[in-house]
file start.txt (compact mmCIF, C-alpha atoms)
# COMPACT_ATOMS: atom_id res chain seq x y z
CA MET A 1 43.81 13.17 -62.75
CA ILE A 2 41.39 15.93 -63.70
CA GLU A 3 42.96 18.27 -66.28
CA THR A 4 41.72 21.81 -66.77
CA ASP A 5 42.87 25.25 -67.89
CA LEU A 6 41.88 26.99 -64.69
CA LEU A 7 41.21 25.28 -61.40
CA ILE A 8 38.83 27.24 -59.17
CA ILE A 9 38.70 26.48 -55.47
CA GLY A 10 35.28 27.48 -54.20
CA ALA A 11 31.98 27.29 -56.08
CA GLY A 12 30.38 30.39 -54.59
CA PRO A 13 29.20 33.30 -56.75
CA THR A 14 32.74 34.51 -57.48
CA GLY A 15 33.96 31.03 -58.42
CA LEU A 16 30.94 30.44 -60.62
CA PHE A 17 31.24 33.74 -62.46
CA THR A 18 34.93 33.01 -63.04
CA VAL A 19 33.80 30.13 -65.26
CA PHE A 20 31.86 32.59 -67.40
CA GLU A 21 34.69 35.06 -67.83
CA ALA A 22 37.23 32.28 -68.43
CA GLY A 23 34.78 30.68 -70.85
CA LEU A 24 34.68 33.82 -72.95
CA LEU A 25 38.42 33.33 -73.41
CA LYS A 26 37.76 29.66 -74.28
CA MET A 27 39.35 28.37 -71.12
CA LYS A 28 37.98 25.23 -69.49
CA CYS A 29 37.34 25.46 -65.76
CA HIS A 30 36.93 22.97 -62.96
CA LEU A 31 35.63 23.85 -59.51
CA ILE A 32 36.28 22.23 -56.13
CA ASP A 33 33.98 22.87 -53.17
CA SER A 34 33.76 21.30 -49.75
CA LEU A 35 29.98 21.64 -49.78
CA PRO A 36 27.88 19.09 -51.65
CA GLN A 37 26.30 21.79 -53.82
CA ALA A 38 27.40 24.93 -55.67
CA GLY A 39 26.61 28.40 -54.36
CA GLY A 40 28.83 28.69 -51.30
CA GLN A 41 27.41 30.70 -48.42
CA LEU A 42 24.51 31.90 -50.56
CA THR A 43 23.14 28.39 -50.77
CA GLU A 44 24.43 27.11 -47.46
CA ILE A 45 23.68 30.03 -45.13
CA TYR A 46 21.11 32.35 -46.66
CA PRO A 47 19.36 31.07 -49.81
CA LYS A 48 16.17 32.97 -48.94
CA LYS A 49 17.81 36.31 -48.17
CA PRO A 50 17.39 39.15 -50.62
CA ILE A 51 20.47 40.84 -52.12
CA TYR A 52 20.08 44.43 -53.26
CA ASP A 53 23.46 45.35 -54.72
CA ILE A 54 23.77 43.19 -57.82
CA PRO A 55 23.82 45.61 -60.77
CA GLY A 56 20.69 45.29 -62.84
CA TYR A 57 18.75 43.46 -60.13
CA PRO A 58 16.86 45.75 -57.74
CA ILE A 59 16.36 42.64 -55.62
CA VAL A 60 17.41 39.03 -56.03
CA MET A 61 17.26 36.10 -53.61
CA ALA A 62 20.65 34.56 -52.87
CA GLY A 63 19.48 31.14 -54.04
CA GLU A 64 18.08 32.61 -57.24
CA LEU A 65 21.36 34.39 -57.98
CA VAL A 66 23.18 31.07 -57.74
CA ASP A 67 20.63 29.40 -60.04
CA ASN A 68 21.10 32.20 -62.54
CA LEU A 69 24.89 31.94 -62.37
CA MET A 70 24.66 28.19 -62.96
CA GLU A 71 22.51 28.87 -66.02
CA GLN A 72 24.91 31.55 -67.22
CA ILE A 73 27.94 29.23 -67.06
CA ALA A 74 26.20 26.10 -68.34
CA PRO A 75 27.32 26.74 -71.98
CA PHE A 76 30.93 26.46 -70.80
CA ASN A 77 30.38 23.04 -69.28
CA PRO A 78 32.52 23.40 -66.14
CA GLY A 79 33.61 20.37 -64.14
CA PHE A 80 32.80 20.05 -60.44
CA THR A 81 34.40 18.21 -57.56
CA LEU A 82 31.82 18.76 -54.83
CA GLY A 83 31.79 17.62 -51.24
CA GLU A 84 35.58 17.54 -51.17
CA SER A 85 38.02 20.01 -49.63
CA ALA A 86 41.21 21.09 -51.36
CA MET A 87 43.93 19.89 -49.01
CA THR A 88 47.30 20.18 -50.72
CA ILE A 89 48.83 22.09 -53.58
CA GLU A 90 52.10 21.24 -55.29
CA LYS A 91 53.94 22.98 -58.08
CA THR A 92 55.17 20.75 -60.88
CA THR A 93 58.45 21.19 -62.75
CA GLN A 94 56.38 22.58 -65.66
CA ASN A 95 55.26 25.42 -63.41
CA THR A 96 51.73 24.02 -63.18
CA PHE A 97 49.80 22.90 -60.10
CA ILE A 98 48.37 19.70 -58.70
CA VAL A 99 45.66 20.19 -56.10
CA THR A 100 44.54 17.16 -54.13
CA THR A 101 41.35 16.94 -52.07
CA ASP A 102 40.71 15.24 -48.75
CA LYS A 103 39.25 12.31 -50.70
CA GLY A 104 42.35 12.02 -52.84
CA THR A 105 40.96 13.49 -56.08
CA LYS A 106 43.79 15.10 -58.04
CA HIS A 107 43.40 18.15 -60.27
CA HIS A 108 46.03 19.54 -62.63
CA ALA A 109 46.01 23.08 -64.05
CA PRO A 110 48.42 25.83 -65.10
CA SER A 111 46.67 28.28 -62.78
CA VAL A 112 44.68 28.07 -59.58
CA ALA A 113 42.10 30.66 -58.56
CA ILE A 114 41.17 30.54 -54.91
CA ALA A 115 37.61 31.82 -54.60
CA GLY A 116 37.23 30.26 -51.20
CA GLY A 117 35.02 32.94 -49.64
CA LEU A 118 34.96 32.50 -45.92
CA GLY A 119 36.80 29.22 -46.21
CA VAL A 120 35.83 25.61 -45.77
CA PHE A 121 32.57 24.93 -43.97
CA THR A 122 33.41 22.73 -41.04
CA PRO A 123 31.27 21.53 -38.14
CA ARG A 124 31.06 23.89 -35.19
CA LYS A 125 32.80 22.12 -32.34
CA PRO A 126 31.73 22.63 -28.73
CA PRO A 127 34.50 24.02 -26.52
CA ILE A 128 34.93 20.98 -24.29
CA GLU A 129 38.23 19.90 -22.84
CA GLY A 130 39.60 16.70 -24.31
CA LEU A 131 36.93 16.56 -27.01
CA ALA A 132 39.45 16.11 -29.84
CA MET A 133 40.66 12.90 -28.19
CA PHE A 134 37.30 11.25 -28.84
CA GLU A 135 36.78 12.44 -32.40
CA THR A 136 36.10 9.32 -34.48
CA LYS A 137 36.13 7.38 -31.19
CA GLY A 138 32.53 8.07 -30.32
CA VAL A 139 32.23 11.78 -31.03
CA GLU A 140 31.06 12.53 -34.57
CA TYR A 141 30.00 15.87 -36.05
CA ILE A 142 28.76 14.41 -39.31
CA ILE A 143 26.79 11.19 -39.65
CA LYS A 144 28.14 9.20 -42.53
CA ASP A 145 26.73 5.75 -41.95
CA PRO A 146 23.75 5.46 -39.57
CA GLU A 147 24.33 1.70 -39.27
CA VAL A 148 27.29 2.51 -37.03
CA TYR A 149 24.74 3.40 -34.36
CA ARG A 150 22.69 0.21 -34.51
CA ASN A 151 22.00 -1.00 -30.98
CA LYS A 152 24.24 1.69 -29.52
CA ARG A 153 23.48 4.36 -26.94
CA VAL A 154 23.51 7.71 -28.71
CA VAL A 155 23.35 11.26 -27.37
CA ILE A 156 22.58 14.05 -29.85
CA SER A 157 23.06 17.75 -29.09
CA GLY A 158 21.48 20.62 -30.99
CA GLY A 159 18.10 22.14 -31.75
CA GLY A 160 18.11 22.48 -35.52
CA ASP A 161 16.87 20.27 -38.30
CA SER A 162 19.84 17.96 -38.45
CA ALA A 163 19.65 17.24 -34.69
CA LEU A 164 15.90 16.62 -34.91
CA ASP A 165 16.05 14.56 -38.10
CA TRP A 166 18.79 12.31 -36.78
CA ALA A 167 17.07 11.92 -33.42
CA ILE A 168 13.95 10.72 -35.26
CA PHE A 169 15.88 8.44 -37.58
CA LEU A 170 18.16 6.93 -34.96
CA SER A 171 15.29 6.27 -32.54
CA GLU A 172 14.57 3.27 -34.81
CA VAL A 173 18.20 2.20 -35.08
CA ALA A 174 19.99 2.87 -31.82
CA SER A 175 19.20 1.13 -28.55
CA GLU A 176 18.87 4.46 -26.77
CA VAL A 177 18.62 8.02 -28.10
CA THR A 178 18.92 11.11 -25.92
CA LEU A 179 18.44 14.58 -27.39
CA VAL A 180 20.04 17.37 -25.40
CA HIS A 181 19.01 20.91 -26.23
CA ARG A 182 19.89 24.24 -24.67
CA ARG A 183 16.36 25.61 -24.82
CA THR A 184 12.85 24.22 -24.51
CA SER A 185 11.83 25.28 -28.01
CA PHE A 186 13.33 23.87 -31.19
CA ARG A 187 14.04 25.80 -34.35
CA GLY A 188 13.69 22.90 -36.78
CA HIS A 189 10.68 22.18 -39.01
CA LEU A 190 7.46 22.09 -37.03
CA ASP A 191 6.73 18.63 -38.34
CA SER A 192 10.07 17.30 -37.05
CA VAL A 193 9.55 19.00 -33.69
CA ASP A 194 6.14 17.32 -33.34
CA LYS A 195 7.63 13.95 -34.23
CA VAL A 196 10.38 14.32 -31.64
CA MET A 197 7.87 15.32 -28.97
CA ALA A 198 5.70 12.30 -29.83
CA LEU A 199 8.69 9.95 -29.69
CA ALA A 200 9.68 11.41 -26.33
CA GLU A 201 6.17 10.82 -25.00
CA LYS A 202 6.25 7.22 -26.18
CA GLY A 203 9.58 6.77 -24.46
CA LYS A 204 11.35 6.10 -27.77
CA LEU A 205 13.80 8.87 -27.04
CA GLN A 206 14.82 10.83 -24.02
CA LEU A 207 14.58 14.60 -24.25
CA ILE A 208 16.69 16.80 -21.97
CA THR A 209 16.01 20.50 -22.48
CA ASN A 210 17.51 23.62 -20.93
CA ALA A 211 20.64 21.53 -20.87
CA GLU A 212 24.14 21.45 -22.28
CA VAL A 213 26.77 18.75 -22.56
CA LYS A 214 29.76 20.03 -20.61
CA GLU A 215 32.09 17.05 -20.31
CA VAL A 216 33.09 13.92 -22.17
CA HIS A 217 34.33 10.79 -20.43
CA GLY A 218 36.18 7.67 -21.47
CA THR A 219 39.60 6.10 -21.75
CA ASP A 220 40.24 4.70 -25.25
CA LYS A 221 36.83 5.62 -26.57
CA LEU A 222 33.80 7.61 -25.49
CA GLU A 223 32.02 6.03 -22.54
CA GLY A 224 29.79 8.85 -21.39
CA ILE A 225 29.05 12.55 -21.17
CA SER A 226 28.01 14.99 -18.47
CA VAL A 227 24.90 17.05 -19.02
CA PHE A 228 24.45 20.26 -17.13
CA THR A 229 20.97 21.63 -16.39
CA LYS A 230 20.12 24.63 -14.28
CA GLU A 231 17.62 22.59 -12.24
CA HIS A 232 19.63 19.44 -11.64
CA GLY A 233 23.21 20.56 -12.08
CA GLN A 234 25.60 18.06 -13.60
CA GLN A 235 24.52 14.53 -14.35
CA LYS A 236 26.53 11.75 -15.97
CA LEU A 237 25.08 9.78 -18.82
CA ALA A 238 26.65 6.61 -20.19
CA CYS A 239 26.71 6.43 -23.99
CA ASP A 240 28.65 5.02 -26.92
CA HIS A 241 28.29 8.01 -29.23
CA TRP A 242 27.81 11.73 -28.89
CA LEU A 243 26.76 13.69 -31.95
CA PRO A 244 27.14 17.45 -31.42
CA LEU A 245 25.15 18.94 -34.31
CA PHE A 246 25.64 22.69 -34.06
CA GLY A 247 25.81 23.56 -37.73
CA LEU A 248 28.75 24.55 -39.90
CA THR A 249 31.18 27.41 -39.65
CA PRO A 250 33.78 28.46 -42.21
CA THR A 251 37.52 28.39 -41.60
CA LEU A 252 40.44 28.95 -43.98
CA GLY A 253 41.37 25.33 -43.27
CA ALA A 254 44.18 23.65 -45.18
CA MET A 255 44.65 26.68 -47.47
CA GLY A 256 46.07 28.49 -44.46
CA SER A 257 49.19 26.30 -44.68
CA TRP A 258 49.86 26.54 -48.41
CA GLY A 259 52.56 29.16 -47.97
CA LEU A 260 50.28 32.03 -49.00
CA ASP A 261 50.62 35.41 -47.34
CA ILE A 262 47.73 35.61 -44.88
CA GLU A 263 46.46 38.68 -43.12
CA LYS A 264 43.46 38.62 -40.79
CA ASN A 265 42.28 35.25 -42.06
CA ALA A 266 42.38 36.42 -45.70
CA ILE A 267 44.87 35.88 -48.55
CA VAL A 268 46.94 38.93 -49.47
CA VAL A 269 46.80 39.77 -53.19
CA ASP A 270 48.10 42.46 -55.51
CA ASN A 271 45.04 44.41 -56.57
CA SER A 272 47.02 46.73 -58.83
CA THR A 273 47.64 43.86 -61.26
CA ASP A 274 45.61 40.66 -61.41
CA TYR A 275 44.83 39.55 -57.85
CA ARG A 276 47.91 37.36 -57.78
CA THR A 277 49.09 35.91 -54.49
CA ASN A 278 52.70 35.53 -53.43
CA ILE A 279 52.75 32.19 -55.28
CA GLU A 280 53.05 32.78 -59.03
CA GLY A 281 50.12 31.14 -60.81
CA VAL A 282 47.88 31.14 -57.76
CA TYR A 283 45.28 33.89 -57.58
CA ALA A 284 42.77 34.74 -54.87
CA ILE A 285 39.48 36.46 -55.65
CA GLY A 286 36.32 37.38 -53.79
CA ASP A 287 35.82 37.38 -50.05
CA VAL A 288 38.87 35.20 -49.43
CA ASN A 289 41.39 37.90 -50.43
CA THR A 290 42.49 41.16 -48.91
CA TYR A 291 44.16 44.32 -50.21
CA PRO A 292 44.04 47.99 -49.27
CA GLY A 293 40.44 49.14 -49.53
CA LYS A 294 39.03 45.63 -49.96
CA LEU A 295 35.25 45.32 -49.82
CA LYS A 296 33.70 41.91 -49.33
CA LEU A 297 30.94 42.22 -51.89
CA ILE A 298 29.77 39.76 -54.51
CA LEU A 299 30.06 42.41 -57.19
CA CYS A 300 33.71 43.05 -56.25
CA GLY A 301 34.34 39.32 -56.57
CA PHE A 302 32.86 39.40 -60.08
CA HIS A 303 35.17 42.23 -61.05
CA GLU A 304 38.23 40.54 -59.56
CA ALA A 305 37.40 37.31 -61.43
CA THR A 306 37.17 39.18 -64.73
CA ILE A 307 40.57 40.81 -64.34
CA MET A 308 42.18 37.64 -63.03
CA VAL A 309 41.20 35.36 -65.94
CA GLN A 310 43.08 37.57 -68.41
CA SER A 311 46.24 36.73 -66.55
CA ALA A 312 45.35 33.05 -66.14
CA PHE A 313 44.81 32.88 -69.92
CA LYS A 314 48.38 33.96 -70.54
CA ARG A 315 49.60 31.16 -68.28
CA ALA A 316 47.40 28.54 -69.96
CA TYR A 317 48.17 29.68 -73.52
CA PRO A 318 51.43 31.63 -73.47
CA ASP A 319 51.68 31.60 -77.27
CA LYS A 320 48.14 32.72 -78.04
CA LYS A 321 47.26 36.34 -78.46
CA LEU A 322 44.42 37.51 -76.30
CA SER A 323 41.95 39.97 -77.73
CA PHE A 324 39.20 41.26 -75.54
CA LYS A 325 35.67 41.10 -76.95
CA TYR A 326 32.32 42.23 -75.64
CA THR A 327 29.63 39.55 -75.42
CA THR A 328 27.34 41.86 -77.42
CA VAL A 329 29.85 41.86 -80.30
CA MET A 330 30.12 38.07 -80.21
CA GLY A 331 26.35 37.70 -80.37
CA GLY A 332 26.10 35.98 -77.01
CA VAL A 333 28.06 33.09 -75.61
CA GLY A 334 26.25 30.50 -77.74
CA SER A 335 28.31 31.46 -80.76
CA LEU A 336 31.59 30.62 -79.06
CA ASP A 337 32.00 27.10 -80.40
CA MET B 338 22.10 66.68 -36.49
CA SER B 339 23.77 63.36 -35.90
CA ILE B 340 24.45 62.25 -32.39
CA ASP B 341 27.50 60.17 -31.65
CA ILE B 342 27.36 57.73 -28.74
CA GLN B 343 30.08 56.14 -26.70
CA ILE B 344 30.16 52.43 -26.10
CA THR B 345 32.60 50.32 -24.14
CA VAL B 346 33.73 47.00 -25.55
CA VAL B 347 35.84 44.56 -23.54
CA ASP B 348 37.70 42.25 -25.92
CA ARG B 349 38.54 38.59 -25.39
CA VAL B 350 41.80 39.30 -23.59
CA GLY B 351 40.09 41.66 -21.18
CA GLU B 352 41.22 44.91 -22.74
CA THR B 353 38.71 47.75 -22.64
CA HIS B 354 38.02 49.85 -25.74
CA LEU B 355 36.01 53.05 -25.81
CA LEU B 356 34.30 53.38 -29.17
CA VAL B 357 32.47 56.33 -30.65
CA ALA B 358 29.61 55.37 -32.92
CA PRO B 359 27.38 57.53 -35.10
CA THR B 360 23.66 56.88 -34.73
CA ASP B 361 22.52 58.08 -38.14
CA MET B 362 24.19 55.42 -40.28
CA ASN B 363 22.12 52.40 -39.34
CA LEU B 364 25.29 50.76 -38.00
CA ASN B 365 25.16 47.75 -35.74
CA LEU B 366 27.57 46.86 -32.97
CA MET B 367 29.36 44.24 -35.07
CA GLU B 368 30.09 46.83 -37.76
CA VAL B 369 31.26 49.39 -35.21
CA CYS B 370 33.63 46.83 -33.67
CA LYS B 371 34.99 45.94 -37.11
CA SER B 372 35.56 49.59 -37.96
CA TYR B 373 37.75 49.80 -34.85
CA ASP B 374 39.62 46.64 -35.93
CA LEU B 375 38.39 44.70 -32.91
CA PRO B 376 38.54 40.91 -33.40
CA VAL B 377 34.92 40.49 -34.47
CA LYS B 378 34.67 38.54 -37.72
CA GLY B 379 31.08 39.26 -38.71
CA THR B 380 31.30 36.27 -41.00
CA CYS B 381 27.69 36.29 -42.23
CA GLY B 382 27.65 40.04 -42.80
CA GLY B 383 25.15 40.83 -40.08
CA MET B 384 22.35 38.40 -40.74
CA ALA B 385 22.35 36.66 -37.36
CA MET B 386 23.69 33.56 -39.00
CA CYS B 387 27.16 32.93 -37.66
CA ALA B 388 27.43 34.11 -34.03
CA SER B 389 30.94 35.45 -34.58
CA CYS B 390 29.74 38.73 -33.00
CA HIS B 391 28.34 37.01 -29.91
CA CYS B 392 28.71 39.28 -26.89
CA TYR B 393 27.39 39.83 -23.38
CA ILE B 394 25.49 42.99 -22.45
CA GLU B 395 26.93 44.24 -19.18
CA SER B 396 25.10 47.55 -18.79
CA GLU B 397 21.44 48.01 -17.85
CA HIS B 398 20.34 49.27 -21.27
CA VAL B 399 17.05 47.95 -22.51
CA LEU B 400 17.61 46.50 -25.95
CA ARG B 401 15.18 45.50 -28.62
CA GLU B 402 14.12 41.91 -27.95
CA ALA B 403 16.05 39.25 -29.82
CA SER B 404 14.35 38.04 -32.97
CA GLU B 405 13.59 34.39 -33.63
CA ASP B 406 16.60 34.31 -36.00
CA GLU B 407 18.90 35.67 -33.34
CA GLU B 408 17.63 33.21 -30.72
CA ASP B 409 18.11 30.37 -33.16
CA MET B 410 21.66 31.38 -33.86
CA LEU B 411 22.49 31.77 -30.19
CA ASP B 412 21.18 28.25 -29.87
CA GLN B 413 24.07 27.00 -31.96
CA ALA B 414 26.68 29.17 -30.33
CA PHE B 415 28.75 28.26 -27.31
CA PHE B 416 29.40 30.05 -24.00
CA VAL B 417 25.84 31.40 -24.14
CA GLU B 418 24.61 33.23 -21.03
CA ASP B 419 21.37 34.98 -20.14
CA ASN B 420 22.81 38.31 -21.30
CA SER B 421 24.09 36.93 -24.61
CA ARG B 422 23.26 38.83 -27.78
CA LEU B 423 24.55 39.04 -31.33
CA GLY B 424 26.31 42.35 -31.94
CA CYS B 425 24.97 42.49 -35.50
CA GLN B 426 21.42 42.77 -34.18
CA ILE B 427 22.16 45.74 -31.93
CA TYR B 428 21.68 48.95 -33.87
CA MET B 429 23.30 52.16 -32.70
CA THR B 430 20.68 54.57 -31.34
CA PRO B 431 21.06 57.55 -28.99
CA ALA B 432 19.44 55.46 -26.23
CA LEU B 433 22.45 53.15 -26.25
CA ASN B 434 24.90 55.80 -25.14
CA GLY B 435 27.12 54.27 -22.46
CA LEU B 436 26.45 50.68 -23.53
CA ARG B 437 28.99 48.21 -22.17
CA VAL B 438 29.55 44.83 -23.79
CA VAL B 439 32.04 41.99 -23.44
CA LEU B 440 32.99 39.93 -26.49
CA ALA B 441 32.22 36.25 -25.98
CA LEU B 442 34.93 33.66 -26.44
CA GLU B 443 35.08 31.86 -29.75
CA SER B 444 35.32 28.12 -30.09
CA GLU B 445 37.92 27.41 -32.82
call {"tool": "encode", "arguments": {"input": "start.txt", "output": "structure tokens"}}
result
Amino acid sequence: MIETDLLIIGAGPTGLFTVFEAGLLKMKCHLIDSLPQAGGQLTEIYPKKPIYDIPGYPIVMAGELVDNLMEQIAPFNPGFTLGESAMTIEKTTQNTFIVTTDKGTKHHAPSVAIAGGLGVFTPRKPPIEGLAMFETKGVEYIIKDPEVYRNKRVVISGGGDSALDWAIFLSEVASEVTLVHRRTSFRGHLDSVDKVMALAEKGKLQLITNAEVKEVHGTDKLEGISVFTKEHGQQKLACDHWLPLFGLTPTLGAMGSWGLDIEKNAIVVDNSTDYRTNIEGVYAIGDVNTYPGKLKLILCGFHEATIMVQSAFKRAYPDKKLSFKYTTVMGGVGSLD
Amino acid sequence: MSIDIQITVVDRVGETHLLVAPTDMNLNLMEVCKSYDLPVKGTCGGMAMCASCHCYIESEHVLREASEDEEDMLDQAFFVEDNSRLGCQIYMTPALNGLRVVLALESE
């Protein structure tokens, strides 16, 4: 069991800055994030986009802001559970919390700060009837072990890098690879596009463009799919696996069933106090929360984190007196130890 | 002087909403829908990166051509038709007075 003073769910900018503010109060933090790296949507969706409303930075790239935050919190040595989603939360008899991830990792802390942003990034699933029935029975949104596809007939859908990269890779592994794409042009790296085209020419993979998979077939497991093209209409294609690779989209996920007050896909908090939720000891900060006048801005998340940790400190150390200090008075964070 | 335009948005249950949008605030259609509390998430904040503002253009208005980013995003979206656009890429200008759009269905 991972023990910490403050458990932060979500390693986006708000979650990361929470470590800094908690660190100033000498609280240890641990972060959980479903993505394999820190940074949340900044790293996952728009690392190369400029941000103009971070005080003191006329312009900063999203990826750079995350790098800077990581540097800023490094002295506080936070723990990370990455690539795992927080699934369940339980309150102990000592009024503390145990949060368990989808991989079974347990975390124990007196307070939990949900800085979950838009939620958990999950694969975008095509709206096809009966699709759920074949999940893990031939339909996979994430490729975990490519050996599963050895000598199998595989259909891949999508036009981005992951669809292209896996089509290239699996053309050497699977017995048959078909890449189905809605358009004729691909948006992946030019190099990957060229490779796919070359493989298609050599007959190492079949390319179906201007096409969309519209149906899945099978009884106990996936046996085939139907591809729809404007020229040829619907055609059936026998296969063992279909990999729809349409990127990730965030959802509130398991947190939606933790008993928190939810309004419009966001967690209701009390902004007049410390961003507490309806569960005592659980806070929500940043884009994931809502209150009258809420603005989903990184800088608002930073502010909310700063206020929230004061309250979390009192839960972690009820007997200690908290005195607020400016970092300039302390001579920087290096002098904390 | 600022000119307000009227746009019609049909939501996902078929209800029609008449919205008034200012044209001097650099607002896009996603933001206008959100300001009217229509069920448009605008997850990525208007960067053509999530397709939660995917809609169909029903009127004959000539819009600015979709950028490469927008096309790429529509590529990953579902229920895409020839008149599909991302609301966040449609900026409110006087020329768009009378625009009519239908919100596209969301998959999960």
call {"tool": "atom_distance", "arguments": {"input": "start.txt", "atom1": "CA of Leu179 in chain A", "atom2": "CA of Lys221 in chain A"}}
result
20.5 Å
call {"tool": "closest_atom_pairs", "arguments": {"input": "start.txt", "of": "chain B", "to": "chain A", "cutoff": "7 Å", "atoms": "all atoms listed in the file", "output": "JSON lines"}}
result
{"residue": "B:Asp409", "atom": "CA", "partner": "A:Arg187", "partner_atom": "CA", "distance": 6.2}
{"residue": "B:Asp412", "atom": "CA", "partner": "A:Arg182", "partner_atom": "CA", "distance": 6.7}
{"residue": "B:Gln413", "atom": "CA", "partner": "A:Phe246", "partner_atom": "CA", "distance": 5.0}
{"residue": "B:Phe415", "atom": "CA", "partner": "A:Pro126", "partner_atom": "CA", "distance": 6.5}
{"residue": "B:Ser444", "atom": "CA", "partner": "A:Pro127", "partner_atom": "CA", "distance": 5.5}
call {"tool": "residues_around", "arguments": {"input": "start.txt", "residues": "range 355-370 of chain B", "least_positions_apart": "5", "cutoff": "12 Å", "atoms": "all atoms listed in the file", "output": "NGL selection string"}}
result
:B and (338-348 or 375-385 or 387-394 or 422-440)
call {"tool": "atom_distance", "arguments": {"input": "start.txt", "atom1": "CA of Phe228 in chain A", "atom2": "CA of Val216 in chain A"}}
result
11.8 Å
call {"tool": "atom_distance", "arguments": {"input": "start.txt", "atom1": "CA of Val155 in chain A", "atom2": "CA of Glu407 in chain B"}}
result
25.5 Å
call {"tool": "residues_around", "arguments": {"input": "start.txt", "residues": "range 240-243 of chain A", "least_positions_apart": "6", "cutoff": "6 Å", "atoms": "only C-alpha atoms", "output": "list in words"}}
result
Gly138, Val139, Glu140, Tyr141, Arg153, Val154, Val155, Ile156, Leu222 and Glu223 of chain A
call {"tool": "build_atoms", "arguments": {"input": "start.txt", "residues": "range 70-81 of chain A", "atoms": "N, CA and C atoms", "output": "short mmCIF file (atom, residue, chain, number, x, y, z; two decimals), in the coordinates of the input"}}
result
data_model
loop_
_atom_site.label_atom_id
_atom_site.label_comp_id
_atom_site.auth_asym_id
_atom_site.auth_seq_id
_atom_site.Cartn_x
_atom_site.Cartn_y
_atom_site.Cartn_z
N MET A 70 24.50 29.55 -62.43
CA MET A 70 24.66 28.19 -62.96
C MET A 70 24.17 28.14 -64.42
N GLU A 71 23.06 28.84 -64.67
CA GLU A 71 22.51 28.87 -66.02
C GLU A 71 23.46 29.62 -66.97
N GLN A 72 24.02 30.71 -66.42
CA GLN A 72 24.91 31.55 -67.22
C GLN A 72 26.19 30.81 -67.62
N ILE A 73 26.66 29.92 -66.75
CA ILE A 73 27.94 29.23 -67.06
C ILE A 73 27.73 27.87 -67.72
N ALA A 74 26.47 27.43 -67.77
CA ALA A 74 26.20 26.10 -68.34
C ALA A 74 26.81 25.91 -69.74
N PRO A 75 26.75 26.94 -70.64
CA PRO A 75 27.32 26.74 -71.98
C PRO A 75 28.81 26.38 -71.96
N PHE A 76 29.48 26.70 -70.86
CA PHE A 76 30.93 26.46 -70.80
C PHE A 76 31.27 25.12 -70.16
N ASN A 77 30.21 24.42 -69.73
CA ASN A 77 30.38 23.04 -69.28
C ASN A 77 31.49 22.84 -68.25
N PRO A 78 31.45 23.55 -67.15
CA PRO A 78 32.52 23.40 -66.14
C PRO A 78 32.45 22.05 -65.44
N GLY A 79 33.58 21.60 -64.93
CA GLY A 79 33.61 20.37 -64.14
C GLY A 79 33.48 20.72 -62.66
N PHE A 80 32.96 19.80 -61.87
CA PHE A 80 32.80 20.05 -60.44
C PHE A 80 33.34 18.88 -59.63
N THR A 81 34.08 19.20 -58.58
CA THR A 81 34.40 18.21 -57.56
C THR A 81 33.74 18.74 -56.30
#
